[in-house]
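Right, one structure below, let's go through it.
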Amino acid sequence: MNLAEKKRSLISELRDNGVLRTPAIIHAFEAVPRERFVLPDHREHAYANEPLPLLEGQTISQPLTIAAMLEALEPRLSNIILEVGAGSGYVAALLSAIVGSKGKVIAVERLHTLAEFARKNLSGYKNVRVIEADGSGGYPDAAPYDAILVSAAAPDVPGPLVAQLKEGGRLVVTVRDELYKITKQPDGVVKQFLGHYAFVPLRGKHGYASR
């Protein structure tokens, strides 16, 4: 199969098993060329339902995992969204397609090589900004956010991320190997367990110690 056929097959698989459900998220998966966000040697495997290696020992997550996290995050048109752990920029590109021209995606990446890689890959995505910084503390300059997605595993729910959510905002984060959806309410937060997932560690002040 060529890449277009592999892409259709992957999206059909994710829809058939009930992971991809929301029309806007399905459209984003259809619109964004994942092959643009993987290393050249792995381009032919861009639509395999498995994680792929990136620079600096990082990975681009399995499409099934990304779909599950996006469905939990509930990104919407015109939302302002923070992604912690930009990686290659793929998830930021998906979010860009969902929030539209009136929305904004802030993607924070602490590793210089990956931040530059993401910026290159996201060239032309006018509603995405890649910030090179410690994302474990969020990015207060653009807060508050409608939603925050953490593409790494934290030792606990980072308090600064909850603080930077709007009321009613959603945070999707993996704590060790457990994925949670945190919804901010006037009197606290609602925490929903979503399953077990494997991610690279979240490094930084509010994550694991930096290497």
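FYI, nothing fancy with the structure tokens labels: chains A, B, ... in order, residues from 1 per chain, ligands from 1 as they appear.
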
Using only C-alpha atoms, which protein or nucleic acid residues come within 9 Å of region 98-102 of chain A? Drop anything in the same chain fewer than 4 positions from it, and give the result as an mmCIF file with N, CA and C atoms, in the first residue's frame.
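Okay, around.cif is ready:
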```cif
data_model
loop_
_atom_site.group_PDB
_atom_site.id
_atom_site.type_symbol
_atom_site.label_atom_id
_atom_site.label_comp_id
_atom_site.auth_asym_id
_atom_site.auth_seq_id
_atom_site.Cartn_x
_atom_site.Cartn_y
_atom_site.Cartn_z
ATOM 1 N N ALA A 24 -14.482 16.236 14.241
ATOM 2 C CA ALA A 24 -13.380 17.193 14.089
ATOM 3 C C ALA A 24 -12.021 16.529 14.281
ATOM 4 N N ILE A 25 -11.958 15.559 15.179
ATOM 5 C CA ILE A 25 -10.693 14.846 15.417
ATOM 6 C C ILE A 25 -10.407 13.892 14.256
ATOM 7 N N HIS A 27 -11.370 14.352 11.196
ATOM 8 C CA HIS A 27 -10.948 15.219 10.090
ATOM 9 C C HIS A 27 -9.484 15.622 10.247
ATOM 10 N N ALA A 28 -9.058 15.914 11.477
ATOM 11 C CA ALA A 28 -7.658 16.294 11.710
ATOM 12 C C ALA A 28 -6.725 15.146 11.340
ATOM 13 N N PRO A 75 -10.849 18.904 22.439
ATOM 14 C CA PRO A 75 -10.500 20.198 21.843
ATOM 15 C C PRO A 75 -11.633 20.688 20.947
ATOM 16 N N ARG A 76 -11.824 22.011 20.945
ATOM 17 C CA ARG A 76 -12.951 22.584 20.213
ATOM 18 C C ARG A 76 -12.487 23.779 19.388
ATOM 19 N N LEU A 77 -13.308 24.147 18.438
ATOM 20 C CA LEU A 77 -13.049 25.304 17.591
ATOM 21 C C LEU A 77 -12.810 26.536 18.462
ATOM 22 N N SER A 78 -11.765 27.287 18.122
ATOM 23 C CA SER A 78 -11.399 28.546 18.781
ATOM 24 C C SER A 78 -10.766 28.373 20.160
ATOM 25 N N ASN A 79 -10.527 27.140 20.613
ATOM 26 C CA ASN A 79 -9.866 26.914 21.906
ATOM 27 C C ASN A 79 -8.424 27.416 21.892
ATOM 28 N N ILE A 80 -7.943 27.760 23.085
ATOM 29 C CA ILE A 80 -6.519 28.012 23.310
ATOM 30 C C ILE A 80 -5.989 26.808 24.070
ATOM 31 N N ILE A 81 -5.034 26.100 23.464
ATOM 32 C CA ILE A 81 -4.583 24.819 24.012
ATOM 33 C C ILE A 81 -3.079 24.825 24.208
ATOM 34 N N ALA A 93 -0.017 19.824 15.341
ATOM 35 C CA ALA A 93 -0.634 19.974 14.022
ATOM 36 C C ALA A 93 -2.080 19.478 14.029
ATOM 37 N N LEU A 94 -2.327 18.357 14.706
ATOM 38 C CA LEU A 94 -3.697 17.861 14.822
ATOM 39 C C LEU A 94 -4.565 18.873 15.566
ATOM 40 N N LYS A 126 -0.086 28.553 11.079
ATOM 41 C CA LYS A 126 -0.033 29.917 11.611
ATOM 42 C C LYS A 126 -0.612 30.059 13.011
ATOM 43 N N ASN A 127 -1.403 29.097 13.450
ATOM 44 C CA ASN A 127 -2.000 29.199 14.783
ATOM 45 C C ASN A 127 -1.253 28.350 15.824
#
```

Q) Which residues in region 72-129 of chain A does DSSP call strand (DSSP E)? List them as an MDAnalysis selection string. A) chainID A and resid 80:84 104:109 128:129

Generate the output file for the selected residues, N, CA and C atoms, as an mmCIF file, in the first residue's frame.
```
data_model
loop_
_atom_site.group_PDB
_atom_site.id
_atom_site.type_symbol
_atom_site.label_atom_id
_atom_site.label_comp_id
_atom_site.auth_asym_id
_atom_site.auth_seq_id
_atom_site.Cartn_x
_atom_site.Cartn_y
_atom_site.Cartn_z
ATOM 1 N N ILE A 80 -7.943 27.760 23.085
ATOM 2 C CA ILE A 80 -6.519 28.012 23.310
ATOM 3 C C ILE A 80 -5.989 26.808 24.070
ATOM 4 N N ILE A 81 -5.034 26.100 23.464
ATOM 5 C CA ILE A 81 -4.583 24.819 24.012
ATOM 6 C C ILE A 81 -3.079 24.825 24.208
ATOM 7 N N LEU A 82 -2.645 24.284 25.335
ATOM 8 C CA LEU A 82 -1.228 24.095 25.634
ATOM 9 C C LEU A 82 -0.884 22.625 25.485
ATOM 10 N N GLU A 83 0.176 22.344 24.717
ATOM 11 C CA GLU A 83 0.720 20.987 24.681
ATOM 12 C C GLU A 83 2.096 21.002 25.339
ATOM 13 N N VAL A 84 2.278 20.142 26.316
ATOM 14 C CA VAL A 84 3.563 20.002 26.999
ATOM 15 C C VAL A 84 4.277 18.789 26.420
ATOM 16 N N LYS A 104 -5.709 28.771 19.101
ATOM 17 C CA LYS A 104 -4.257 28.880 19.238
ATOM 18 C C LYS A 104 -3.720 27.643 19.952
ATOM 19 N N VAL A 105 -2.566 27.173 19.486
ATOM 20 C CA VAL A 105 -1.890 26.044 20.116
ATOM 21 C C VAL A 105 -0.491 26.499 20.536
ATOM 22 N N ILE A 106 -0.183 26.357 21.814
ATOM 23 C CA ILE A 106 1.149 26.626 22.339
ATOM 24 C C ILE A 106 1.787 25.277 22.639
ATOM 25 N N ALA A 107 2.865 24.951 21.947
ATOM 26 C CA ALA A 107 3.546 23.674 22.132
ATOM 27 C C ALA A 107 4.907 23.935 22.774
ATOM 28 N N VAL A 108 5.113 23.399 23.973
ATOM 29 C CA VAL A 108 6.336 23.648 24.724
ATOM 30 C C VAL A 108 7.220 22.397 24.674
ATOM 31 N N GLU A 109 8.491 22.616 24.339
ATOM 32 C CA GLU A 109 9.455 21.515 24.245
ATOM 33 C C GLU A 109 10.770 21.955 24.896
ATOM 34 N N VAL A 128 -0.032 27.930 15.498
ATOM 35 C CA VAL A 128 0.797 27.147 16.421
ATOM 36 C C VAL A 128 2.074 27.908 16.730
ATOM 37 N N ARG A 129 2.430 27.938 17.993
ATOM 38 C CA ARG A 129 3.691 28.539 18.422
ATOM 39 C C ARG A 129 4.475 27.511 19.230
#
```

Q: Go ahead and compute the interatomic distance for CA of Val32 (chain A) and CA of Glu50 (chain A), in Å to one decimal.
A: 17.2 Å

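If you measure from each of A:Ala86, A:Ala147, A:Val175, A:Val200 to Arg119 (chain A) using only C-alpha atoms, the closest one turns out to be A:Ala86.
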
Distance table requested - region 28-120 of chain A against region 179-198 of chain A, cut-off 12 Å, only C-alpha atoms: one row per qualifying residue with the closest atom pair and its distance in Å to one decimal, ordered by chain and rising residue number, as a Markdown table.
```
| residue | atom | partner | partner_atom | distance |
| --- | --- | --- | --- | --- |
| A:Glu50 | CA | A:Ala198 | CA | 11.9 |
| A:Pro51 | CA | A:Ala198 | CA | 10.2 |
| A:Thr59 | CA | A:Ala198 | CA | 11.0 |
| A:Ile60 | CA | A:Ala198 | CA | 11.9 |
| A:Ser61 | CA | A:Ala198 | CA | 9.2 |
| A:Gln62 | CA | A:Ala198 | CA | 10.0 |
| A:Leu64 | CA | A:Tyr197 | CA | 10.6 |
| A:Thr65 | CA | A:Tyr197 | CA | 7.6 |
| A:Ile66 | CA | A:Tyr197 | CA | 10.7 |
| A:Ala68 | CA | A:Leu194 | CA | 8.8 |
| A:Met69 | CA | A:Leu179 | CA | 8.5 |
| A:Leu70 | CA | A:Lys181 | CA | 10.6 |
| A:Glu71 | CA | A:Lys181 | CA | 10.4 |
| A:Ala72 | CA | A:Lys181 | CA | 6.6 |
| A:Leu73 | CA | A:Lys181 | CA | 7.3 |
| A:Glu74 | CA | A:Lys181 | CA | 10.2 |
```

**Q.** Between CA of Phe37 (chain A) and CA of Asn121 (chain A) - distance in Å to one decimal
**A.** 6.1 Å

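The gap separating CA of Gly138 (chain A) from CA of Leu202 (chain A) is 11.8 Å, in Å to one decimal.
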
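With only C-alpha atoms as the atoms that count, the minimum distance from Ser88 (chain A) to the choices A:Glu35, A:Asp134, A:Glu13, A:Asp41 is reached by A:Glu35.
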
Q: Name the residues in contact with Pro63 (chain A) at a cut-off of 12 Å, using only C-alpha atoms, excluding same-chain residues fewer than 4 positions from it; report them as a list of chain:residue names.
A: A:Lys7, A:Leu10, A:Ile11, A:Glu13, A:Leu14, A:Arg15, A:Val19, A:Leu20, A:Ile26, A:Phe29, A:Arg34, A:His45, A:Ala46, A:Tyr47, A:Ala48, A:Asn49, A:Glu50, A:Pro51, A:Leu52, A:Thr59, A:Ala67, A:Ala68, A:Met69, A:Leu70, A:Tyr90, A:Val91, A:Leu94

Limited to N, CA and C atoms, could you put the picked residues into a file as a PDB file, in the first residue's frame?
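part.pdb, written as the output of this step:
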```pdb
ATOM      1  N   LYS A   7      -2.810   5.401   5.386  1.00  0.00           N
ATOM      2  CA  LYS A   7      -3.492   6.392   6.221  1.00  0.00           C
ATOM      3  C   LYS A   7      -4.977   6.053   6.349  1.00  0.00           C
ATOM      4  N   LEU A  10      -5.394   3.045   8.628  1.00  0.00           N
ATOM      5  CA  LEU A  10      -5.196   3.361  10.046  1.00  0.00           C
ATOM      6  C   LEU A  10      -6.421   4.063  10.618  1.00  0.00           C
ATOM      7  N   ILE A  11      -6.932   5.064   9.913  1.00  0.00           N
ATOM      8  CA  ILE A  11      -8.093   5.808  10.414  1.00  0.00           C
ATOM      9  C   ILE A  11      -9.309   4.893  10.520  1.00  0.00           C
ATOM     10  N   GLU A  13      -9.220   1.698  11.108  1.00  0.00           N
ATOM     11  CA  GLU A  13      -8.967   0.839  12.276  1.00  0.00           C
ATOM     12  C   GLU A  13      -9.317   1.569  13.572  1.00  0.00           C
ATOM     13  N   LEU A  14      -8.884   2.830  13.686  1.00  0.00           N
ATOM     14  CA  LEU A  14      -9.135   3.593  14.905  1.00  0.00           C
ATOM     15  C   LEU A  14     -10.626   3.898  15.076  1.00  0.00           C
ATOM     16  N   ARG A  15     -11.324   4.092  13.977  1.00  0.00           N
ATOM     17  CA  ARG A  15     -12.767   4.328  14.046  1.00  0.00           C
ATOM     18  C   ARG A  15     -13.515   3.039  14.390  1.00  0.00           C
ATOM     19  N   VAL A  19     -11.982   4.157  19.110  1.00  0.00           N
ATOM     20  CA  VAL A  19     -11.079   5.146  19.701  1.00  0.00           C
ATOM     21  C   VAL A  19     -11.318   6.516  19.074  1.00  0.00           C
ATOM     22  N   LEU A  20     -11.422   6.573  17.756  1.00  0.00           N
ATOM     23  CA  LEU A  20     -11.725   7.824  17.055  1.00  0.00           C
ATOM     24  C   LEU A  20     -13.236   7.931  16.878  1.00  0.00           C
ATOM     25  N   ILE A  26     -11.433  13.237  13.769  1.00  0.00           N
ATOM     26  CA  ILE A  26     -11.270  12.364  12.596  1.00  0.00           C
ATOM     27  C   ILE A  26     -10.770  13.186  11.410  1.00  0.00           C
ATOM     28  N   PHE A  29      -7.072  13.933  11.719  1.00  0.00           N
ATOM     29  CA  PHE A  29      -6.255  12.768  11.357  1.00  0.00           C
ATOM     30  C   PHE A  29      -6.182  12.610   9.836  1.00  0.00           C
ATOM     31  N   ARG A  34       1.058  12.683   8.663  1.00  0.00           N
ATOM     32  CA  ARG A  34       1.944  12.214   9.742  1.00  0.00           C
ATOM     33  C   ARG A  34       3.367  11.951   9.248  1.00  0.00           C
ATOM     34  N   HIS A  45       6.715   3.972   7.565  1.00  0.00           N
ATOM     35  CA  HIS A  45       5.958   3.403   8.692  1.00  0.00           C
ATOM     36  C   HIS A  45       5.118   4.456   9.403  1.00  0.00           C
ATOM     37  N   ALA A  46       4.946   5.622   8.780  1.00  0.00           N
ATOM     38  CA  ALA A  46       4.252   6.739   9.432  1.00  0.00           C
ATOM     39  C   ALA A  46       2.844   6.375   9.886  1.00  0.00           C
ATOM     40  N   TYR A  47       2.183   5.462   9.184  1.00  0.00           N
ATOM     41  CA  TYR A  47       0.807   5.121   9.527  1.00  0.00           C
ATOM     42  C   TYR A  47       0.673   3.738  10.156  1.00  0.00           C
ATOM     43  N   ALA A  48       1.785   3.214  10.655  1.00  0.00           N
ATOM     44  CA  ALA A  48       1.719   2.009  11.476  1.00  0.00           C
ATOM     45  C   ALA A  48       1.172   2.415  12.845  1.00  0.00           C
ATOM     46  N   ASN A  49       0.348   1.582  13.420  1.00  0.00           N
ATOM     47  CA  ASN A  49      -0.250   1.903  14.726  1.00  0.00           C
ATOM     48  C   ASN A  49       0.722   1.521  15.841  1.00  0.00           C
ATOM     49  N   GLU A  50       1.832   2.242  15.874  1.00  0.00           N
ATOM     50  CA  GLU A  50       2.887   1.964  16.859  1.00  0.00           C
ATOM     51  C   GLU A  50       3.725   3.238  17.051  1.00  0.00           C
ATOM     52  N   PRO A  51       4.375   3.379  18.212  1.00  0.00           N
ATOM     53  CA  PRO A  51       5.255   4.540  18.402  1.00  0.00           C
ATOM     54  C   PRO A  51       6.486   4.422  17.515  1.00  0.00           C
ATOM     55  N   LEU A  52       7.060   5.573  17.151  1.00  0.00           N
ATOM     56  CA  LEU A  52       8.252   5.580  16.313  1.00  0.00           C
ATOM     57  C   LEU A  52       9.312   6.465  16.972  1.00  0.00           C
ATOM     58  N   THR A  59      10.082   9.773  21.431  1.00  0.00           N
ATOM     59  CA  THR A  59       9.253   9.020  20.479  1.00  0.00           C
ATOM     60  C   THR A  59       8.053   9.855  20.047  1.00  0.00           C
ATOM     61  N   ALA A  67      -5.029   9.386  19.581  1.00  0.00           N
ATOM     62  CA  ALA A  67      -6.474   9.509  19.367  1.00  0.00           C
ATOM     63  C   ALA A  67      -7.219   9.458  20.694  1.00  0.00           C
ATOM     64  N   ALA A  68      -6.838   8.539  21.572  1.00  0.00           N
ATOM     65  CA  ALA A  68      -7.504   8.411  22.874  1.00  0.00           C
ATOM     66  C   ALA A  68      -7.329   9.679  23.707  1.00  0.00           C
ATOM     67  N   MET A  69      -6.123  10.265  23.678  1.00  0.00           N
ATOM     68  CA  MET A  69      -5.859  11.477  24.451  1.00  0.00           C
ATOM     69  C   MET A  69      -6.634  12.670  23.900  1.00  0.00           C
ATOM     70  N   LEU A  70      -6.701  12.786  22.582  1.00  0.00           N
ATOM     71  CA  LEU A  70      -7.436  13.891  21.979  1.00  0.00           C
ATOM     72  C   LEU A  70      -8.937  13.774  22.243  1.00  0.00           C
ATOM     73  N   TYR A  90       3.629  16.752  15.731  1.00  0.00           N
ATOM     74  CA  TYR A  90       2.467  16.098  15.118  1.00  0.00           C
ATOM     75  C   TYR A  90       1.168  16.390  15.870  1.00  0.00           C
ATOM     76  N   VAL A  91       1.190  16.241  17.193  1.00  0.00           N
ATOM     77  CA  VAL A  91      -0.038  16.471  17.955  1.00  0.00           C
ATOM     78  C   VAL A  91      -0.451  17.938  17.867  1.00  0.00           C
ATOM     79  N   LEU A  94      -2.327  18.357  14.706  1.00  0.00           N
ATOM     80  CA  LEU A  94      -3.697  17.861  14.822  1.00  0.00           C
ATOM     81  C   LEU A  94      -4.565  18.873  15.566  1.00  0.00           C
TER      82      LEU A  94
END
```

Q: Going by DSSP on the backbone, which bits of region 1-205 of chain A are helix (DSSP H, G or I)? Write them as JSON, numbers by chain, please.
A: {"A": [3, 4, 5, 6, 7, 8, 9, 10, 11, 12, 13, 14, 15, 16, 23, 24, 25, 26, 27, 28, 29, 30, 31, 34, 35, 36, 37, 40, 41, 42, 43, 44, 45, 55, 56, 57, 63, 64, 65, 66, 67, 68, 69, 70, 71, 72, 73, 90, 91, 92, 93, 94, 95, 96, 97, 98, 99, 112, 113, 114, 115, 116, 117, 118, 119, 120, 121, 135, 136, 137, 140, 141, 142, 159, 160, 161, 162, 163]}

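Shortest separation to Gly204 (chain A) among A:Leu111, A:Leu165, A:Val173, A:Ala143 occurs at residue A:Leu111, atoms counted being only C-alpha atoms.
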
Q) Pick from A:Ala31, A:Val150, A:His112, A:Asp141: nearest to Ser96 (chain A), with only C-alpha atoms counted? A) A:Ala31

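Considering the residues A:Ala154, A:Leu39, A:Leu171, A:Ala142 and counting only C-alpha atoms, Gln58 (chain A) has its shortest atom-to-atom contact with A:Leu39.
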
Set the distance at 9 Å and use only C-alpha atoms: which residues neighbour Arg203 (chain A) once local chain neighbours fewer than 4 positions away are removed? I'd like the list as a PDB file with C-alpha atoms, in the first residue's frame.
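Okay, this is what ended up in part_37.pdb:
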```pdb
ATOM      1  CA  ARG A 110      12.489  21.568  26.562  1.00  0.00           C
ATOM      2  CA  ASP A 134      10.487  23.627  30.781  1.00  0.00           C
ATOM      3  CA  GLY A 135       6.876  22.726  30.070  1.00  0.00           C
ATOM      4  CA  SER A 136       6.320  20.949  33.399  1.00  0.00           C
ATOM      5  CA  ALA A 152       4.902  12.702  28.691  1.00  0.00           C
ATOM      6  CA  ALA A 153       4.530  10.857  32.010  1.00  0.00           C
ATOM      7  CA  ALA A 154       4.632  12.962  35.188  1.00  0.00           C
ATOM      8  CA  GLY A 207       8.346  16.497  36.592  1.00  0.00           C
ATOM      9  CA  TYR A 208      11.213  14.094  36.981  1.00  0.00           C
ATOM     10  CA  ALA A 209      14.748  15.433  37.470  1.00  0.00           C
ATOM     11  CA  SER A 210      16.360  16.504  34.197  1.00  0.00           C
ATOM     12  CA  ARG A 211      19.111  14.316  32.843  1.00  0.00           C
TER      13      ARG A 211
END
```
